[in-house]
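> Have a look at the structure that comes next, please.
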Amino acid sequence: MKPPEVSLSAIAPEIVLTVTALLVLLLEVFSKGKDNKGYLAVLSAIGVVVAFFFTLPLIGTGTSAFGGMFTNDGYALFFVVVFLIIAFLTILISMGYAHREGIEGGEYYALILLATVGMMLMAGGTHLITIFLGLETMSISIYVLAGMMREDRRSVESALKYFLLGAFATGFLLYGMAYVYGATGSLFLRDIGSFIAGEKSLLNSPLLLMSLVFLTIGFGFKIASVPFHMWTPDVYEGAPTSITAFMATGVKAAAFSVLVRVFFIGLPAFRPDWTTIMWVLAVATMTLGNIVAISQTNIKRLLAYSSIAHAGYLLVAFVAGNSLGVSGMLFYLMAYAFMNIGAFGCVILLGKKGEENTLISDYAGHRVTFELFAQSPPFAHLNAVYRNFDWTKPLEFVKKAAGLSDRVMKG
């Protein structure tokens, strides 16, 4: 059997981020005497920028590597760019915050970079094992990051909850992948889709039926859809605010990138079955997320339920099942990343050491500042652009950039 060809250029951005993470760890070891470790954040940000420039030559190539287990198609590269933007913005909002909270260690920035590597592997994975490796690389890094504030009981509690429930959900996801392999004899998404194309009913294959159930549970946890959302408010509240922003944007985008690829490429024959499941989850997620958010008194918990509701909105685009729906989802995730990181950045800005000021009542008295901002000429110009902009154009751009077509969406 001929071994698969190894193409390191196909994973150049991931290699750059991994090397940067190792350099950050080593640099901290050899500079223990310094109290201010802002240079670690700067090095991490430079690594993200370099990874972005290594991504540019891959655009339009559509190359596959490692025996077809990994691809650099337009869809994957769109998410790679999104993940790099999220990582860069997370590092930026962490610079002052991490120093203030005493978590400005090399491991903090290294884990952000390694989690980003996992997200990129998930987006480009066309083999279930590749997807699982990326998922675990991301998840383990996030588990640790959620508990970085070791002296804060809430942070440790959130990390433990996320780890236990995350491991449980990963078990479901892995069982789903195992059942798919048992039913089809392959872990390649294209081969799985071709094998089940002749299946007339999901009920004729108990293994595939169980795999669909387990995959839905596993992905449901990662995207925080109802009823798999219970971990979200507690983890978002207890984790460091910068990491909460990273989780709310990066983890959600990575989960949706895999959800679309697995269901649209691997399980298109059962679209009528999983579409029914997903629209029910979408309605329940949107409803519960918005209603429960009304009663929250903590801004981070409110944003957590907002994140749950947004997962429902994204599931609506997923249920649409065509290229326009998926391009709308990609555009939504890009805009959502900027807005959500900005929201958590405001939470960081209004907090201080030992007092994060996360209660909504803590924001009383800031009305004048917000009104002055809202009445500023630049903001007025942006508002005018927003109101008069043709929003169908960015959707078409995303559709072309990600290489989406109805043929691709049909697998």
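A note on labels: chains of the structure tokens are A, B, ... as shown, every chain counts residues from 1, and ligands are counted from 1 in their shown order.
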Counting only C-alpha atoms, what is within 9 Å of Thr249 (chain A), bar same-chain residues fewer than 2 positions away, as a ChimeraX atom specification?

/A:83,86,244-247,251-254,307,333-334,336-338,340-341

> Mind checking DSSP for region 8-236 of chain A and telling me the alpha helix (DSSP H) residues as a VMD selection string?

chain A and resid 12 to 29 38 to 55 74 to 101 106 to 124 128 to 146 153 to 184 189 to 195 206 to 223 231 to 236

> Using DSSP assignments from the backbone, pull out every residue in region 18-123 of chain A that falls under strand (DSSP E or B) and give it to me as a VMD selection string.

chain A and resid 64 to 65 70 to 71

> Go through region 255-275 of chain A residue by residue and, counting only C-alpha atoms, keep those with an atom at most 12 Å from region 121-127 of chain A; for each kept residue give the shortest atom pair and its distance in Å to one decimal, ordered by chain and increasing number, as a Markdown table.


| residue | atom | partner | partner_atom | distance |
| --- | --- | --- | --- | --- |
| A:Ala255 | CA | A:Met122 | CA | 8.0 |
| A:Phe256 | CA | A:Ala123 | CA | 8.9 |
| A:Ser257 | CA | A:Ala123 | CA | 5.5 |
| A:Val258 | CA | A:Ala123 | CA | 6.0 |
| A:Leu259 | CA | A:Ala123 | CA | 9.6 |
| A:Val260 | CA | A:Ala123 | CA | 9.7 |
| A:Arg261 | CA | A:Thr126 | CA | 7.8 |
| A:Val262 | CA | A:Thr126 | CA | 8.3 |
| A:Phe263 | CA | A:Thr126 | CA | 11.7 |
| A:Phe264 | CA | A:Thr126 | CA | 11.8 |
| A:Ile265 | CA | A:Thr126 | CA | 9.0 |
| A:Gly266 | CA | A:Thr126 | CA | 9.3 |

> Write to file, as a PDB file, in the first residue's frame, the residues of the selection just made, with N, CA and C atoms.


ATOM      1  N   ALA A 255     -17.517  24.728  14.940  1.00  0.00           N
ATOM      2  CA  ALA A 255     -18.542  23.685  15.008  1.00  0.00           C
ATOM      3  C   ALA A 255     -19.462  23.753  13.794  1.00  0.00           C
ATOM      4  N   PHE A 256     -19.850  24.946  13.390  1.00  0.00           N
ATOM      5  CA  PHE A 256     -20.724  25.070  12.221  1.00  0.00           C
ATOM      6  C   PHE A 256     -19.988  24.710  10.931  1.00  0.00           C
ATOM      7  N   SER A 257     -18.693  24.985  10.864  1.00  0.00           N
ATOM      8  CA  SER A 257     -17.933  24.613   9.663  1.00  0.00           C
ATOM      9  C   SER A 257     -17.945  23.102   9.464  1.00  0.00           C
ATOM     10  N   VAL A 258     -17.814  22.349  10.551  1.00  0.00           N
ATOM     11  CA  VAL A 258     -17.830  20.887  10.463  1.00  0.00           C
ATOM     12  C   VAL A 258     -19.255  20.385  10.253  1.00  0.00           C
ATOM     13  N   LEU A 259     -20.216  20.997  10.921  1.00  0.00           N
ATOM     14  CA  LEU A 259     -21.609  20.577  10.796  1.00  0.00           C
ATOM     15  C   LEU A 259     -22.063  20.606   9.340  1.00  0.00           C
ATOM     16  N   VAL A 260     -21.754  21.694   8.644  1.00  0.00           N
ATOM     17  CA  VAL A 260     -22.148  21.818   7.237  1.00  0.00           C
ATOM     18  C   VAL A 260     -21.451  20.764   6.388  1.00  0.00           C
ATOM     19  N   ARG A 261     -20.150  20.591   6.587  1.00  0.00           N
ATOM     20  CA  ARG A 261     -19.407  19.650   5.740  1.00  0.00           C
ATOM     21  C   ARG A 261     -19.854  18.209   5.972  1.00  0.00           C
ATOM     22  N   VAL A 262     -20.047  17.830   7.214  1.00  0.00           N
ATOM     23  CA  VAL A 262     -20.438  16.446   7.511  1.00  0.00           C
ATOM     24  C   VAL A 262     -21.839  16.141   6.997  1.00  0.00           C
ATOM     25  N   PHE A 263     -22.786  17.026   7.254  1.00  0.00           N
ATOM     26  CA  PHE A 263     -24.170  16.733   6.886  1.00  0.00           C
ATOM     27  C   PHE A 263     -24.438  16.946   5.400  1.00  0.00           C
ATOM     28  N   PHE A 264     -23.811  17.947   4.785  1.00  0.00           N
ATOM     29  CA  PHE A 264     -24.076  18.227   3.381  1.00  0.00           C
ATOM     30  C   PHE A 264     -23.270  17.335   2.445  1.00  0.00           C
ATOM     31  N   ILE A 265     -22.075  16.927   2.866  1.00  0.00           N
ATOM     32  CA  ILE A 265     -21.227  16.090   2.015  1.00  0.00           C
ATOM     33  C   ILE A 265     -21.351  14.620   2.394  1.00  0.00           C
ATOM     34  N   GLY A 266     -21.424  14.328   3.699  1.00  0.00           N
ATOM     35  CA  GLY A 266     -21.463  12.938   4.137  1.00  0.00           C
ATOM     36  C   GLY A 266     -22.851  12.344   4.228  1.00  0.00           C
TER      37      GLY A 266
END

> Contacts of Leu302 (chain A) at 12 Å or less, counting only C-alpha atoms, minus same-chain residues fewer than 2 places along, as a short mmCIF file (atom, residue, chain, number, x, y, z; two decimals) with N, CA, C and O atoms, in the first residue's frame?


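Written output follows (selection_7.cif):
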data_model
loop_
_atom_site.label_atom_id
_atom_site.label_comp_id
_atom_site.auth_asym_id
_atom_site.auth_seq_id
_atom_site.Cartn_x
_atom_site.Cartn_y
_atom_site.Cartn_z
N THR A 232 -23.50 26.47 28.76
CA THR A 232 -23.07 27.75 28.20
C THR A 232 -23.08 28.91 29.19
O THR A 232 -22.05 29.60 29.34
N PRO A 233 -24.19 29.21 29.90
CA PRO A 233 -24.19 30.38 30.79
C PRO A 233 -23.14 30.29 31.90
O PRO A 233 -22.45 31.29 32.18
N ASP A 234 -23.02 29.12 32.53
CA ASP A 234 -22.06 28.97 33.63
C ASP A 234 -20.62 29.10 33.15
O ASP A 234 -19.79 29.74 33.81
N TYR A 236 -19.52 30.59 30.32
CA TYR A 236 -19.27 31.95 29.86
C TYR A 236 -19.06 32.91 31.03
O TYR A 236 -18.24 33.82 30.95
N GLU A 237 -19.82 32.71 32.10
CA GLU A 237 -19.71 33.60 33.25
C GLU A 237 -18.40 33.40 33.99
O GLU A 237 -17.76 34.36 34.42
N GLY A 289 -33.33 30.92 23.94
CA GLY A 289 -32.21 31.85 24.10
C GLY A 289 -32.67 33.27 24.32
O GLY A 289 -32.14 33.98 25.18
N ASN A 290 -33.66 33.72 23.57
CA ASN A 290 -34.13 35.10 23.69
C ASN A 290 -34.99 35.33 24.93
O ASN A 290 -34.87 36.36 25.59
N ILE A 291 -35.84 34.36 25.26
CA ILE A 291 -36.74 34.54 26.40
C ILE A 291 -35.96 34.53 27.71
O ILE A 291 -36.15 35.40 28.58
N VAL A 292 -35.05 33.57 27.87
CA VAL A 292 -34.30 33.46 29.13
C VAL A 292 -33.33 34.63 29.28
O VAL A 292 -33.04 35.07 30.40
N ALA A 293 -32.83 35.17 28.16
CA ALA A 293 -31.90 36.30 28.23
C ALA A 293 -32.54 37.51 28.89
O ALA A 293 -31.85 38.32 29.53
N ILE A 294 -33.87 37.64 28.76
CA ILE A 294 -34.56 38.81 29.31
C ILE A 294 -34.40 38.91 30.82
O ILE A 294 -34.29 39.99 31.38
N SER A 295 -34.37 37.77 31.50
CA SER A 295 -34.36 37.76 32.96
C SER A 295 -32.96 37.81 33.56
O SER A 295 -32.82 37.78 34.79
N GLN A 296 -31.91 37.88 32.74
CA GLN A 296 -30.54 37.83 33.25
C GLN A 296 -30.13 39.17 33.85
O GLN A 296 -30.50 40.23 33.36
N THR A 297 -29.37 39.10 34.93
CA THR A 297 -28.83 40.31 35.57
C THR A 297 -27.32 40.42 35.38
O THR A 297 -26.73 41.45 35.71
N ASN A 298 -26.69 39.36 34.86
CA ASN A 298 -25.26 39.35 34.61
C ASN A 298 -25.03 39.49 33.11
O ASN A 298 -25.60 38.73 32.32
N ILE A 299 -24.18 40.44 32.70
CA ILE A 299 -24.00 40.71 31.28
C ILE A 299 -23.38 39.53 30.54
O ILE A 299 -23.71 39.27 29.37
N LYS A 300 -22.50 38.77 31.20
CA LYS A 300 -21.88 37.63 30.53
C LYS A 300 -22.88 36.49 30.34
O LYS A 300 -22.87 35.81 29.31
N ALA A 304 -24.32 35.01 26.91
CA ALA A 304 -24.33 33.56 26.70
C ALA A 304 -25.65 33.11 26.07
O ALA A 304 -25.67 32.33 25.12
N TYR A 305 -26.75 33.61 26.63
CA TYR A 305 -28.05 33.26 26.05
C TYR A 305 -28.24 33.90 24.68
O TYR A 305 -28.93 33.34 23.82
N SER A 306 -27.62 35.06 24.48
CA SER A 306 -27.62 35.65 23.14
C SER A 306 -26.90 34.74 22.17
O SER A 306 -27.33 34.55 21.02
N SER A 307 -25.79 34.16 22.60
CA SER A 307 -25.04 33.23 21.77
C SER A 307 -25.88 32.00 21.43
O SER A 307 -25.82 31.48 20.31
N ILE A 308 -26.65 31.53 22.40
CA ILE A 308 -27.54 30.40 22.15
C ILE A 308 -28.57 30.76 21.09
O ILE A 308 -28.83 29.98 20.16
N ALA A 309 -29.17 31.94 21.23
CA ALA A 309 -30.17 32.38 20.25
C ALA A 309 -29.55 32.50 18.86
O ALA A 309 -30.18 32.13 17.85
N ALA A 343 -18.38 43.29 21.88
CA ALA A 343 -19.23 43.35 23.08
C ALA A 343 -18.45 42.92 24.32
O ALA A 343 -18.50 43.58 25.37
N PHE A 344 -17.72 41.81 24.21
CA PHE A 344 -16.93 41.35 25.35
C PHE A 344 -15.76 42.29 25.62
O PHE A 344 -15.30 42.40 26.77
N VAL A 347 -17.03 44.80 27.95
CA VAL A 347 -17.09 44.24 29.31
C VAL A 347 -15.72 44.32 29.96
O VAL A 347 -15.59 44.69 31.14
N THR A 358 -19.67 42.84 36.01
CA THR A 358 -20.44 42.12 34.99
C THR A 358 -21.95 42.19 35.24
O THR A 358 -22.72 41.68 34.43
N LEU A 359 -22.36 42.80 36.36
CA LEU A 359 -23.79 42.98 36.57
C LEU A 359 -24.29 44.11 35.68
O LEU A 359 -23.60 45.12 35.47
N ILE A 360 -25.49 43.95 35.17
CA ILE A 360 -26.06 44.98 34.30
C ILE A 360 -26.19 46.30 35.05
O ILE A 360 -26.02 47.38 34.47
#

> Could you give me, as a ChimeraX atom specification, the residues within 12 Å of region 108-110 of chain A, counting only C-alpha atoms and dropping anything in the same chain fewer than 5 positions from it?

/A:17-28,37-48,87-88,90-95,97-99,101-103,115-117,138,141-149,240,242-243,246

> Please identify all polymer residues within 8 Å of Arg100 (chain A), counting only C-alpha atoms, omitting same-chain residues fewer than 4 positions from it, and present them as a ChimeraX atom specification.

/A:96,352-353

> Pick out the closest residue to Leu207 (chain A) from this set: A:Leu187, A:Met177, A:Val316, A:Val80. Count only C-alpha atoms.

A:Met177

> Work out how far apart CA of Gly182 (chain A) and CA of Phe270 (chain A) are and give it in Å to one decimal.

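Computing the Euclidean distance for CA of Gly182 (chain A) and CA of Phe270 (chain A) yields 17.2 Å.
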
> Tell me which protein, DNA and RNA residues are within 12 Å of Ser64 (chain A), counting only C-alpha atoms, leaving out same-chain ones fewer than 6 positions away, and put them as a list in words.

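The contact residues come out as Pro4, Glu5, Val6, Ser7, Leu8, Ser9, Ala10, Ile11, Leu58, Phe70, Thr71, Asn72, Asp73, Gly74, Ala76, Gly124, Gly125, Thr126 and His127 of chain A.
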
> Once you have the residues from the selection above, write them out as a compact mmCIF listing (two decimals), in the first residue's frame, restricted to N, CA and C atoms.


# COMPACT_ATOMS: atom_id res chain seq x y z
N PRO A 4 0.31 7.87 1.86
CA PRO A 4 -0.20 9.13 1.31
C PRO A 4 0.91 10.17 1.22
N GLU A 5 0.81 11.01 0.20
CA GLU A 5 1.81 12.05 0.00
C GLU A 5 1.65 13.13 1.06
N VAL A 6 2.77 13.50 1.67
CA VAL A 6 2.76 14.52 2.72
C VAL A 6 3.07 15.87 2.09
N SER A 7 2.14 16.80 2.21
CA SER A 7 2.31 18.14 1.64
C SER A 7 2.25 19.16 2.77
N LEU A 8 3.43 19.56 3.25
CA LEU A 8 3.49 20.51 4.36
C LEU A 8 3.02 21.90 3.95
N SER A 9 3.14 22.23 2.67
CA SER A 9 2.69 23.54 2.21
C SER A 9 1.18 23.70 2.37
N ALA A 10 0.45 22.59 2.34
CA ALA A 10 -1.00 22.65 2.48
C ALA A 10 -1.42 23.03 3.89
N ILE A 11 -0.56 22.76 4.85
CA ILE A 11 -0.88 23.11 6.24
C ILE A 11 0.12 24.14 6.76
N LEU A 58 -2.65 29.88 -0.88
CA LEU A 58 -3.50 28.70 -0.98
C LEU A 58 -4.86 29.01 -1.59
N PHE A 70 -7.43 16.06 4.06
CA PHE A 70 -7.46 17.49 4.36
C PHE A 70 -7.53 18.26 3.06
N THR A 71 -8.31 19.34 3.03
CA THR A 71 -8.48 20.11 1.81
C THR A 71 -8.33 21.61 2.08
N ASN A 72 -7.92 22.31 1.05
CA ASN A 72 -7.82 23.77 1.12
C ASN A 72 -8.78 24.39 0.10
N ASP A 73 -10.00 23.89 0.06
CA ASP A 73 -10.99 24.48 -0.84
C ASP A 73 -11.42 25.85 -0.32
N GLY A 74 -12.20 26.57 -1.11
CA GLY A 74 -12.60 27.92 -0.74
C GLY A 74 -13.37 27.97 0.57
N ALA A 76 -13.04 25.95 3.21
CA ALA A 76 -12.11 25.81 4.34
C ALA A 76 -11.30 27.07 4.55
N GLY A 124 -10.95 22.25 7.48
CA GLY A 124 -10.39 21.63 6.28
C GLY A 124 -10.48 20.13 6.24
N GLY A 125 -10.99 19.53 7.31
CA GLY A 125 -11.04 18.07 7.37
C GLY A 125 -12.10 17.47 6.46
N THR A 126 -11.71 16.51 5.64
CA THR A 126 -12.66 15.76 4.82
C THR A 126 -12.69 14.30 5.23
N HIS A 127 -12.07 14.00 6.33
CA HIS A 127 -11.98 12.65 6.89
C HIS A 127 -12.36 12.77 8.36

> Restricting the calculation to only C-alpha atoms, which member of A:Phe331, A:Phe78, A:Phe172, A:Trp279 is positioned closest to Phe219 (chain A)?

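Checking each of A:Phe331, A:Phe78, A:Phe172, A:Trp279 against Phe219 (chain A), counting only C-alpha atoms, the winner is A:Phe172.
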
> Nearest to Ala282 (chain A) among A:Met339, A:Ile223, A:Ala169, A:Ala248, with distances taken over only C-alpha atoms: which residue is it?

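Looking at the shortest contact to Ala282 (chain A), the residue is A:Ile223.
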
> Pick the closest to Asp362 (chain A) from A:Met69, A:Leu350, A:Leu314, A:Met329: which is it, counting only C-alpha atoms?

A:Leu350

> May I ask for the distance between CA of Gly68 (chain A) and CA of Asn204 (chain A), given in Å to one decimal place?

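Rounded to one decimal, the two atoms are 29.7 Å apart.
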
> How far is it from CA of Leu77 (chain A) to CA of Gly193 (chain A), in Å with one decimal?

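CA of Gly193 (chain A) lies at a distance of 22.4 Å from CA of Leu77 (chain A).
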